[in-house]
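Have a look at my_file.cif below; it lists mmCIF, C-alpha atoms.
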data_model
loop_
_atom_site.label_atom_id
_atom_site.label_comp_id
_atom_site.auth_asym_id
_atom_site.auth_seq_id
_atom_site.Cartn_x
_atom_site.Cartn_y
_atom_site.Cartn_z
CA MET A 1 -6.61 16.45 -0.74
CA ARG A 2 -4.42 18.44 -3.09
CA ARG A 3 -5.13 18.10 -6.82
CA SER A 4 -2.78 18.53 -9.74
CA ASP A 5 -4.22 21.97 -10.44
CA ASP A 6 -1.25 23.56 -12.19
CA ARG A 7 1.15 20.62 -12.63
CA ILE A 8 1.17 16.85 -12.21
CA LEU A 9 1.92 16.05 -8.59
CA THR A 10 3.84 12.94 -7.59
CA THR A 11 3.59 10.48 -4.71
CA HIS A 12 4.33 6.82 -3.97
CA VAL A 13 2.61 3.98 -2.15
CA GLY A 14 4.38 4.21 1.19
CA SER A 15 7.10 1.71 1.97
CA LEU A 16 10.71 2.61 1.19
CA PRO A 17 13.92 0.60 1.71
CA ARG A 18 15.28 0.34 5.24
CA ASN A 19 19.01 0.53 5.92
CA PRO A 20 20.74 -2.77 6.80
CA ALA A 21 21.07 -2.06 10.54
CA LEU A 22 17.39 -1.15 10.92
CA ARG A 23 16.30 -4.03 8.72
CA ASP A 24 18.19 -6.50 10.93
CA LEU A 25 16.67 -5.13 14.12
CA LEU A 26 13.12 -5.19 12.73
CA ILE A 27 13.46 -8.75 11.45
CA ARG A 28 14.88 -9.96 14.76
CA GLN A 29 12.11 -8.23 16.70
CA ASP A 30 9.47 -9.67 14.32
CA ARG A 31 10.83 -13.16 14.98
CA GLY A 32 10.48 -12.67 18.73
CA GLU A 33 14.14 -12.09 19.53
CA ALA A 34 15.15 -9.55 22.16
CA VAL A 35 16.50 -6.31 20.70
CA ASP A 36 17.84 -3.16 22.32
CA ALA A 37 14.81 -0.86 22.38
CA ALA A 38 16.91 2.31 22.58
CA ALA A 39 19.08 1.22 19.64
CA LEU A 40 15.99 0.38 17.61
CA GLU A 41 14.44 3.77 18.33
CA ARG A 42 17.66 5.56 17.31
CA GLU A 43 17.80 3.63 14.04
CA ILE A 44 14.13 4.34 13.27
CA ASP A 45 14.54 8.03 14.00
CA ALA A 46 17.57 8.35 11.75
CA ALA A 47 15.92 6.29 9.01
CA VAL A 48 12.77 8.44 8.99
CA ALA A 49 14.87 11.61 8.79
CA ALA A 50 16.77 10.16 5.82
CA ALA A 51 13.61 8.91 4.08
CA VAL A 52 11.96 12.31 4.34
CA ALA A 53 15.04 14.14 3.05
CA LYS A 54 15.54 11.73 0.15
CA GLN A 55 11.90 11.97 -0.96
CA LEU A 56 12.07 15.75 -1.02
CA ALA A 57 15.39 15.65 -2.91
CA ALA A 58 13.82 13.30 -5.50
CA GLY A 59 10.93 15.72 -6.02
CA VAL A 60 8.14 13.75 -4.32
CA ASP A 61 5.20 16.08 -3.66
CA VAL A 62 3.10 13.91 -1.36
CA GLY A 63 5.34 11.92 0.96
CA ASN A 64 5.45 9.88 4.16
CA ASP A 65 7.89 8.28 6.59
CA GLY A 66 8.63 5.28 4.37
CA GLU A 67 7.13 2.89 6.95
CA GLN A 68 10.61 2.74 8.50
CA SER A 69 9.39 1.57 11.92
CA ARG A 70 7.39 -1.39 10.62
CA PRO A 71 8.51 -4.97 9.89
CA GLY A 72 5.78 -5.19 7.24
CA PHE A 73 3.05 -3.01 5.78
CA VAL A 74 0.37 -5.16 7.46
CA THR A 75 2.15 -7.31 10.05
CA TYR A 76 2.93 -4.28 12.23
CA VAL A 77 -0.61 -4.56 13.62
CA ASN A 78 0.06 -7.66 15.68
CA GLN A 79 2.63 -5.60 17.63
CA ARG A 80 0.01 -2.94 18.42
CA MET A 81 -3.12 -5.02 19.00
CA ARG A 82 -4.08 -7.84 21.36
CA GLY A 83 -5.65 -11.09 20.26
CA PHE A 84 -2.94 -12.51 17.97
CA GLY A 85 -0.78 -15.58 18.52
CA GLY A 86 0.45 -18.78 16.95
CA GLU A 87 1.11 -18.84 13.24
CA SER A 88 -1.02 -18.45 10.13
CA ARG A 89 -0.71 -20.87 7.23
CA ARG A 90 -1.44 -18.81 4.15
CA PRO A 91 -2.29 -20.81 1.02
CA ILE A 92 0.18 -20.51 -1.82
CA SER A 93 -1.02 -18.30 -4.65
CA ARG A 94 -2.20 -19.96 -7.86
CA ASP A 95 0.60 -18.62 -10.03
CA LEU A 96 3.29 -19.83 -7.61
CA ALA A 97 1.67 -23.28 -7.67
CA GLU A 98 1.59 -23.21 -11.46
CA PHE A 99 5.22 -22.10 -11.72
CA PRO A 100 6.89 -23.91 -8.78
CA ASP A 101 10.43 -23.09 -9.87
CA TYR A 102 9.58 -19.40 -9.59
CA GLY A 103 7.95 -20.13 -6.23
CA GLU A 104 11.22 -21.65 -5.01
CA MET A 105 13.16 -18.58 -6.21
CA LEU A 106 10.81 -16.27 -4.36
CA ALA A 107 10.93 -18.35 -1.18
CA ALA A 108 14.74 -18.30 -1.26
CA ARG A 109 14.76 -14.51 -1.58
CA ARG A 110 12.41 -14.15 1.38
CA ARG A 111 14.12 -16.65 3.67
CA SER A 112 15.82 -13.95 5.73
CA ALA A 113 12.89 -11.51 5.66
CA ALA A 114 10.28 -10.56 8.23
CA ARG A 115 7.29 -12.89 8.39
CA ILE A 116 5.06 -12.77 5.31
CA ASN A 117 3.07 -16.01 4.97
CA ASN A 118 3.27 -17.14 8.60
CA ALA A 119 2.15 -14.09 10.57
CA PRO A 120 0.38 -14.62 13.91
CA GLN A 121 -3.32 -15.49 13.65
CA ALA A 122 -6.33 -14.26 15.60
CA VAL A 123 -6.64 -16.50 18.65
CA ALA A 124 -8.82 -14.23 20.82
CA GLU A 125 -10.96 -11.12 20.52
CA VAL A 126 -8.86 -8.50 18.73
CA ALA A 127 -8.43 -5.24 20.63
CA TYR A 128 -6.51 -2.04 19.98
CA GLY A 129 -6.02 -0.67 23.48
CA ASP A 130 -2.81 1.34 23.25
CA LEU A 131 -2.32 3.89 20.46
CA ALA A 132 1.06 5.03 21.77
CA GLU A 133 3.11 3.47 18.96
CA ALA A 134 0.78 4.81 16.26
CA ALA A 135 1.01 8.27 17.85
CA ARG A 136 4.82 8.08 18.00
CA GLU A 137 4.94 7.08 14.35
CA CYS A 138 2.83 10.07 13.27
CA ASP A 139 4.59 12.54 15.52
CA ARG A 140 8.06 11.36 14.45
CA PHE A 141 7.18 11.85 10.80
CA VAL A 142 5.70 15.30 11.37
CA ARG A 143 8.77 16.35 13.37
CA HIS A 144 11.21 15.32 10.65
CA ALA A 145 9.09 16.75 7.84
CA ASP A 146 8.79 20.07 9.67
CA ALA A 147 12.58 20.17 10.13
CA GLN A 148 13.26 20.10 6.38
CA PRO A 149 13.75 23.41 4.51
CA ALA A 150 11.75 22.01 1.58
CA LYS A 151 8.17 20.94 2.26
CA PHE A 152 5.80 18.29 0.97
CA ALA A 153 2.66 19.58 -0.72
CA GLU A 154 0.86 17.06 1.51
CA ARG A 155 1.79 14.31 3.94
CA PHE A 156 0.28 10.86 4.36
CA VAL A 157 0.51 7.88 6.67
CA THR A 158 -0.37 4.34 5.64
CA ALA A 159 -2.50 1.87 7.58
CA ALA A 160 -3.53 -1.69 6.87
CA SER A 161 -7.17 -2.22 5.94
CA PRO A 162 -9.37 -4.64 7.92
CA GLY A 163 -9.51 -7.00 4.94
CA ILE A 164 -5.77 -7.34 4.40
CA ILE A 165 -5.21 -7.86 8.12
CA ALA A 166 -7.80 -10.65 8.09
CA THR A 167 -6.29 -12.40 5.08
CA VAL A 168 -2.67 -12.21 6.30
CA HIS A 169 -3.40 -12.84 10.00
CA LEU A 170 -5.78 -15.75 9.56
CA ASN A 171 -8.81 -16.37 11.75
CA ALA A 172 -8.63 -19.02 14.46
CA PHE A 173 -11.19 -17.47 16.82
CA TYR A 174 -14.24 -15.89 15.16
CA ASP A 175 -17.13 -18.00 13.87
CA SER A 176 -16.99 -16.38 10.42
CA HIS A 177 -14.66 -14.38 8.21
CA GLU A 178 -17.20 -11.58 8.10
CA ARG A 179 -17.32 -11.24 11.90
CA TYR A 180 -13.53 -11.17 12.04
CA VAL A 181 -13.26 -8.42 9.39
CA LEU A 182 -15.87 -6.28 11.12
CA ALA A 183 -14.14 -6.73 14.49
CA LEU A 184 -10.90 -5.53 12.91
CA ALA A 185 -12.74 -2.55 11.42
CA ARG A 186 -14.07 -1.62 14.85
CA GLU A 187 -10.58 -1.65 16.34
CA MET A 188 -8.54 -0.21 13.43
CA ARG A 189 -10.92 2.76 13.37
CA LYS A 190 -8.91 4.06 16.35
CA GLU A 191 -5.66 4.15 14.37
CA TYR A 192 -7.33 5.65 11.30
CA GLU A 193 -8.91 8.44 13.33
CA LEU A 194 -5.60 9.15 15.06
CA VAL A 195 -3.86 9.65 11.69
CA HIS A 196 -6.62 12.02 10.60
CA ALA A 197 -6.53 13.91 13.90
CA ARG A 198 -2.80 14.55 13.33
CA GLY A 199 -3.71 16.41 10.13
CA LEU A 200 -2.30 13.68 7.86
CA LEU A 201 -3.83 12.01 4.84
CA LEU A 202 -4.81 8.42 5.59
CA GLN A 203 -3.78 5.81 3.03
CA LEU A 204 -5.53 2.48 3.47
CA ASP A 205 -3.55 -0.43 2.05
CA CYS A 206 -6.04 -2.90 0.57
CA PRO A 207 -4.29 -5.51 -1.61
CA ASP A 208 -6.93 -7.98 -0.42
CA LEU A 209 -9.42 -6.37 -2.80
CA ALA A 210 -7.48 -7.83 -5.75
CA MET A 211 -4.63 -10.09 -4.60
CA GLU A 212 -6.70 -12.46 -2.47
CA ARG A 213 -8.49 -13.73 -5.57
CA VAL A 214 -5.41 -15.95 -6.11
CA ARG A 215 -4.63 -16.54 -2.44
CA LEU A 216 -7.17 -17.12 0.33
CA PHE A 217 -10.19 -17.13 -1.99
CA GLN A 218 -8.70 -18.85 -5.03
CA ASP A 219 -11.22 -21.69 -4.90
CA GLU A 220 -14.26 -19.41 -4.75
CA PRO A 221 -16.21 -18.50 -7.90
CA LEU A 222 -15.71 -14.95 -9.09
CA ASP A 223 -19.12 -13.73 -7.95
CA ARG A 224 -18.45 -15.04 -4.44
CA PHE A 225 -15.07 -13.26 -4.39
CA VAL A 226 -16.76 -10.01 -5.40
CA THR A 227 -19.25 -10.48 -2.56
CA ILE A 228 -16.36 -11.01 -0.12
CA ILE A 229 -14.56 -7.84 -1.19
CA GLU A 230 -17.84 -5.93 -0.93
CA THR A 231 -17.85 -7.02 2.72
CA HIS A 232 -14.27 -5.79 3.05
CA VAL A 233 -15.25 -2.43 1.56
CA GLU A 234 -18.19 -2.18 3.95
CA ALA A 235 -15.76 -2.80 6.82
CA ILE A 236 -13.58 0.05 5.54
CA ASN A 237 -16.57 2.36 5.32
CA ARG A 238 -17.57 1.61 8.90
CA ALA A 239 -14.03 2.19 10.12
CA VAL A 240 -13.64 5.58 8.41
CA ALA A 241 -17.19 6.85 8.92
CA LYS A 242 -15.94 9.88 10.89
CA ILE A 243 -13.19 10.84 8.43
CA PRO A 244 -14.02 12.97 5.36
CA PRO A 245 -13.54 10.90 2.18
CA GLU A 246 -11.30 13.60 0.69
CA ARG A 247 -8.76 12.85 3.45
CA ILE A 248 -8.50 9.16 2.50
CA ARG A 249 -6.64 7.43 -0.33
CA LEU A 250 -7.12 3.72 -1.07
CA HIS A 251 -4.34 1.52 -2.45
CA VAL A 252 -5.27 -1.69 -4.31
CA CYS A 253 -2.84 -4.13 -5.92
CA TRP A 254 -2.43 -7.70 -7.11
CA GLY A 255 0.54 -8.52 -4.91
CA ASN A 256 3.92 -6.81 -4.90
CA TYR A 257 6.12 -9.52 -6.39
CA ASP A 258 7.67 -10.09 -9.81
CA GLY A 259 5.80 -13.32 -10.50
CA PRO A 260 3.72 -14.55 -13.44
CA HIS A 261 0.41 -13.11 -12.14
CA THR A 262 -1.38 -15.30 -14.67
CA HIS A 263 -4.50 -15.75 -12.53
CA ASP A 264 -4.98 -12.17 -11.34
CA VAL A 265 -8.57 -10.96 -11.26
CA ALA A 266 -9.41 -8.41 -13.94
CA LEU A 267 -9.78 -4.81 -12.79
CA GLU A 268 -13.13 -4.57 -14.56
CA ALA A 269 -14.55 -7.33 -12.36
CA ILE A 270 -13.74 -5.58 -9.10
CA LEU A 271 -13.88 -1.88 -9.98
CA PRO A 272 -17.58 -1.38 -9.10
CA ALA A 273 -16.87 -2.72 -5.62
CA LEU A 274 -13.82 -0.46 -5.26
CA TYR A 275 -15.95 2.54 -6.14
CA ARG A 276 -18.19 1.84 -3.13
CA ALA A 277 -15.41 2.77 -0.71
CA ARG A 278 -15.51 6.14 1.09
CA ASP A 279 -12.26 7.55 -0.23
CA GLY A 280 -11.10 10.53 -2.22
CA ALA A 281 -8.37 8.84 -4.26
CA LEU A 282 -7.77 5.39 -5.73
CA SER A 283 -4.22 4.04 -6.15
CA LEU A 284 -3.87 1.30 -8.79
CA GLU A 285 -1.04 -0.68 -10.37
CA LEU A 286 -0.86 0.47 -14.00
CA ALA A 287 2.86 0.06 -14.79
CA ASN A 288 2.70 -3.65 -13.96
CA PRO A 289 2.96 -5.43 -17.34
CA ARG A 290 0.06 -7.70 -16.41
CA HIS A 291 -2.27 -4.76 -15.76
CA ALA A 292 -0.98 -1.74 -17.70
CA HIS A 293 -3.66 -2.21 -20.37
CA GLU A 294 -6.41 -1.80 -17.76
CA VAL A 295 -6.08 1.97 -17.75
CA LYS A 296 -8.68 1.70 -20.53
CA VAL A 297 -11.16 0.22 -18.05
CA LEU A 298 -11.36 3.63 -16.38
CA LYS A 299 -12.87 5.02 -19.59
CA ARG A 300 -15.63 2.41 -19.57
CA HIS A 301 -16.17 2.79 -15.82
CA PRO A 302 -15.39 6.43 -14.96
CA LEU A 303 -14.20 7.41 -11.50
CA PRO A 304 -16.96 8.66 -9.20
CA ASP A 305 -17.34 12.43 -9.14
CA GLY A 306 -14.55 14.08 -7.20
CA MET A 307 -12.38 10.96 -6.84
CA LEU A 308 -8.70 11.27 -7.80
CA LEU A 309 -6.61 8.60 -9.51
CA LEU A 310 -3.11 7.69 -8.33
CA PRO A 311 -1.92 5.60 -11.28
CA GLY A 312 1.17 3.49 -10.83
CA VAL A 313 3.53 4.69 -13.57
CA ILE A 314 6.69 3.21 -12.00
CA ASP A 315 7.12 -0.56 -11.46
CA SER A 316 8.07 -1.44 -7.88
CA THR A 317 9.38 -4.95 -8.61
CA THR A 318 12.19 -4.42 -11.16
CA ASN A 319 15.48 -2.54 -11.22
CA PHE A 320 14.78 -0.98 -14.59
CA VAL A 321 14.72 2.82 -14.19
CA GLU A 322 11.85 3.97 -16.37
CA HIS A 323 12.70 6.58 -18.98
CA PRO A 324 10.94 9.88 -18.17
CA GLU A 325 9.25 9.77 -21.59
CA VAL A 326 7.73 6.39 -20.70
CA VAL A 327 6.55 7.82 -17.40
CA ALA A 328 5.04 10.84 -19.15
CA ASP A 329 3.27 8.59 -21.66
CA ARG A 330 1.72 6.58 -18.83
CA ILE A 331 0.61 9.71 -17.01
CA CYS A 332 -1.00 11.11 -20.14
CA GLN A 333 -2.82 7.82 -20.75
CA ALA A 334 -4.22 8.02 -17.23
CA VAL A 335 -5.29 11.64 -17.74
CA GLU A 336 -7.01 10.68 -21.00
CA ALA A 337 -8.86 7.87 -19.24
CA VAL A 338 -9.96 10.10 -16.36
CA GLY A 339 -10.68 13.09 -18.57
CA ASP A 340 -9.31 15.66 -16.12
CA ARG A 341 -5.61 16.35 -15.59
CA SER A 342 -6.22 17.82 -12.12
CA ARG A 343 -7.56 14.47 -10.88
CA VAL A 344 -4.35 12.52 -11.59
CA ILE A 345 -1.39 12.29 -9.20
CA ALA A 346 1.48 10.19 -10.59
CA SER A 347 2.52 7.33 -8.33
CA VAL A 348 4.30 3.98 -8.06
CA ASP A 349 2.65 0.58 -8.46
CA CYS A 350 3.32 -0.54 -4.87
CA GLY A 351 5.83 -0.17 -2.06
CA PHE A 352 9.58 -0.72 -2.33
CA GLY A 353 9.94 -2.26 1.13
CA THR A 354 6.62 -3.87 1.98
CA PHE A 355 8.36 -6.38 4.29
CA ALA A 356 11.77 -5.84 5.85
CA GLY A 357 14.29 -8.04 4.06
CA SER A 358 12.13 -8.85 1.02
CA GLU A 359 13.11 -5.84 -1.08
CA MET A 360 13.37 -6.49 -4.82
CA VAL A 361 14.72 -3.11 -5.89
CA ALA A 362 18.14 -1.86 -4.77
CA ASP A 363 18.12 1.19 -2.52
CA SER A 364 19.97 3.42 -4.98
CA VAL A 365 17.67 2.34 -7.80
CA VAL A 366 14.56 3.28 -5.78
CA TRP A 367 15.69 6.88 -5.61
CA ALA A 368 16.59 6.90 -9.31
CA LYS A 369 13.08 5.62 -10.04
CA LEU A 370 11.49 8.35 -7.92
CA LYS A 371 13.63 10.94 -9.70
CA ALA A 372 12.40 9.53 -13.03
CA LEU A 373 8.85 9.83 -11.69
CA ARG A 374 9.43 13.54 -11.06
CA GLU A 375 11.04 14.06 -14.48
CA GLY A 376 8.23 12.19 -16.20
CA ALA A 377 5.62 14.22 -14.34
CA ASP A 378 7.34 17.42 -15.44
CA LEU A 379 7.30 16.22 -19.07
CA ALA A 380 3.62 15.32 -18.76
CA THR A 381 2.92 18.75 -17.27
CA ARG A 382 4.48 20.44 -20.28
CA ARG A 383 2.38 18.32 -22.62
CA LEU A 384 -0.87 18.68 -20.71
CA TRP A 385 -0.62 22.39 -19.99
CA GLY A 386 0.93 23.25 -23.38
CA ARG A 387 4.13 24.64 -21.91
CA ALA A 388 7.32 24.84 -23.93
#
Turn this file's structure into structure tokens for me.
Amino acid sequence: MRRSDDRILTTHVGSLPRNPALRDLLIRQDRGEAVDAAALEREIDAAVAAAVAKQLAAGVDVGNDGEQSRPGFVTYVNQRMRGFGGESRRPISRDLAEFPDYGEMLAARRRSAARINNAPQAVAEVAYGDLAEAARECDRFVRHADAQPAKFAERFVTAASPGIIATVHLNAFYDSHERYVLALAREMRKEYELVHARGLLLQLDCPDLAMERVRLFQDEPLDRFVTIIETHVEAINRAVAKIPPERIRLHVCWGNYDGPHTHDVALEAILPALYRARDGALSLELANPRHAHEVKVLKRHPLPDGMLLLPGVIDSTTNFVEHPEVVADRICQAVEAVGDRSRVIASVDCGFGTFAGSEMVADSVVWAKLKALREGADLATRRLWGRA
């Protein structure tokens, strides 16, 4: 994994806005409606080409395909794996229950989106038998990235972690949550190893390691929640056992929505468990106003040797375009906490299009934010390397 050896590199968390035509097709397909497969493939191909070109134009160093072919960052798996059916009934998060008027606003915004809280559940043994779609996704991205005159410093592909799949696609088959998570790890290993075999960095999306404290496990005591996420981390480690840690980045967040977040678990409570994962980089929300102060936790609990930090220095839930000086300040705070400028790659808090149709940031604003990320990283580089 590339380090920020001579300048601060930039990246993002993976999902980028989809154009209206593609968004409509993905939402219809996700809801079980018949769509023209050839038309969908044409839209995906064009959208990936555009996403790659726009990232490079914005100055993103470590980029991806924007998850353009997926209805959701996690719900894509039920289209690739067997064993899912029916409908999950996810519990409402504690802050939405505490602030019901906000909950109604959020529900109204998501009414026309791909499924979020009612994804299919596990109704039989989960099995990942056909990797054709995962292979097409990787190959499509590589083809479009290779076609660009400018090049990414590195390229990554996202994949849902066993734990987030289990907490979004609820269990109606296995005799325990633990057995379900480990079964998912056994099967998702195939997708993870495919990404690695294509020469791409693997990003595991693991919001369950923080967000589920206020969702599925909100009634559990904190120590029990920590035990649960330790199980989720163990599932990750089993699934990536054949992939070098330095080819894996881990994304953790408290839920990508602009809500109160008043019951979020503290980073300090979960960080030791996060450090047990076999990964070479940790992506954390640190622009989020509920968690920005927790950059200081990394001083008290230093990153394991060799691990990189991908601090979120751009908020993914508001249409404010951060001033480059603000971005540079946040980057420098992260470098101070880590103690090594080469181990920090500036990033975004979360994705900009985690579910088709639920975007909170306007398309044009996303690219302005990513440009501000680049400008802020350049300012931080001048400060940190003493350049005029």
I'd like to see the residues matched by the PyMOL selection byres ((chain A and resi 153-156) around 6) on this file, and ideally I'd get them as a ChimeraX atom specification.
/A:61-64,152,157,200-202
Put those residues in a file: C-alpha atoms, as a JSON list (two decimals), keeping the file's coordinate frame.
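Contents of part.json, freshly written:
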[["chain", "number", "residue", "atom", "x", "y", "z"],
["A", 61, "ASP", "CA", 5.20, 16.08, -3.66],
["A", 62, "VAL", "CA", 3.10, 13.91, -1.36],
["A", 63, "GLY", "CA", 5.34, 11.92, 0.96],
["A", 64, "ASN", "CA", 5.45, 9.88, 4.16],
["A", 152, "PHE", "CA", 5.80, 18.29, 0.97],
["A", 157, "VAL", "CA", 0.51, 7.88, 6.67],
["A", 200, "LEU", "CA", -2.30, 13.68, 7.86],
["A", 201, "LEU", "CA", -3.83, 12.01, 4.84],
["A", 202, "LEU", "CA", -4.81, 8.42, 5.59]]
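Atom to atom, CA of Ala49 (chain A) and CA of Ser69 (chain A) stand 11.9 Å apart.
Using all atoms listed in the file, the protein and nucleic acid residues lying no more than 7 Å from Glu246 (chain A), apart from those fewer than 4 places from it along its own chain, are Met1, Asp279 and Gly280 of chain A.
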Please, which residues are within 12 Å of (2.9, 7.8, -23.1) by the file's coordinates, counting only C-alpha atoms, and could they come as a list in words?
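Residues found, by chain and rising number: Ala287, Ala292, Val295, Val313, Glu322, His323, Pro324, Glu325, Val326, Val327, Ala328, Asp329, Arg330, Ile331, Cys332, Gln333, Ala334, Val335, Glu336, Gly376, Ala377, Leu379, Ala380, Arg383 and Leu384 of chain A.
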Mind telling me what the PyMOL selection byres ((chain A and resi 85-94) around 6) catches here, as JSON, numbers by chain?
{"A": [84, 95, 96, 97, 117, 118, 119, 120, 121, 123, 170, 214, 215]}
Hey, what comes out of the PyMOL selection byres ((chain A and resi 227-234) around 10) on this file? Could you write it as a PyMOL selection string?
chain A and resi 161-164+166+177-178+181-182+185+206+208-210+212-213+217+220+222-226+235-239+270+272-278
Just the residues within 8 Å of Ile27 (chain A), please, counting all atoms listed in the file, with nothing from its chain fewer than 2 positions along; format it as a VMD selection string.
chain A and resid 23 to 25 29 to 31 71 113 to 114 356 to 357
Find the residues around Thr317 (chain A) up to 10 Å (only C-alpha atoms counted), leave out those fewer than 5 positions away in its own chain, and share them as a PyMOL selection string.
chain A and resi 256-259+288+349-352+359-361
Selected residues written out, C-alpha atoms, as a tab-separated table (two decimals), keeping the file's coordinate frame:
chain	number	residue	atom	x	y	z
A	256	ASN	CA	3.92	-6.81	-4.90
A	257	TYR	CA	6.12	-9.52	-6.39
A	258	ASP	CA	7.67	-10.09	-9.81
A	259	GLY	CA	5.80	-13.32	-10.50
A	288	ASN	CA	2.70	-3.65	-13.96
A	349	ASP	CA	2.65	0.58	-8.46
A	350	CYS	CA	3.32	-0.54	-4.87
A	351	GLY	CA	5.83	-0.17	-2.06
A	352	PHE	CA	9.58	-0.72	-2.33
A	359	GLU	CA	13.11	-5.84	-1.08
A	360	MET	CA	13.37	-6.49	-4.82
A	361	VAL	CA	14.72	-3.11	-5.89
Counting only C-alpha atoms, figure out which residue out of A:Val35, A:Ala57, A:Leu284, A:Ile8 gets nearest to Trp385 (chain A).
A:Ile8
Taken to one decimal, the CA of Gly14 (chain A)-CA of Met188 (chain A) distance is 18.3 Å
Quick check, in Å to one decimal: how far apart do CA of Tyr174 (chain A) and CA of Val252 (chain A) lie?
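Separation of CA of Tyr174 (chain A) and CA of Val252 (chain A): 25.7 Å.
Minimum atom-to-atom distances from A:Ala147, A:Leu267, A:Ala122, A:Ala127 to Ala53 (chain A) were compared using all atoms listed in the file, and the lowest value belongs to A:Ala147.
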Just want the 12 Å neighbourhood of Ala37 (chain A), counted on all atoms listed in the file, with same-chain residues fewer than 5 positions away dropped. Output as number ranges by chain.
A: 22, 25-26, 28-29, 42-44
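The shortest atom-to-atom distance to Phe99 (chain A), with all atoms listed in the file taken into account, belongs to A:His263 out of A:His263, A:Pro221, A:Asp378, A:Asp139.
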Using only C-alpha atoms, the shortest atom-to-atom distance to Ile116 (chain A) among A:Arg189, A:His169, A:Arg198, A:Lys371 belongs to A:His169
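Counting all atoms listed in the file and comparing A:Ile345, A:Val297, A:Leu310, A:Val195, the residue that lies closest to Val142 (chain A) is A:Val195.
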Take every atom of region 199-211 of chain A listed in the file, pad by 8 Å on each side, and give me the axis-aligned box centre and edge lengths in Å, one decimal, as lines of an AutoDock Vina configuration file.
center_x = -5.9
center_y = 3.2
center_z = 2.2
size_x = 23.1
size_y = 42.5
size_z = 31.9
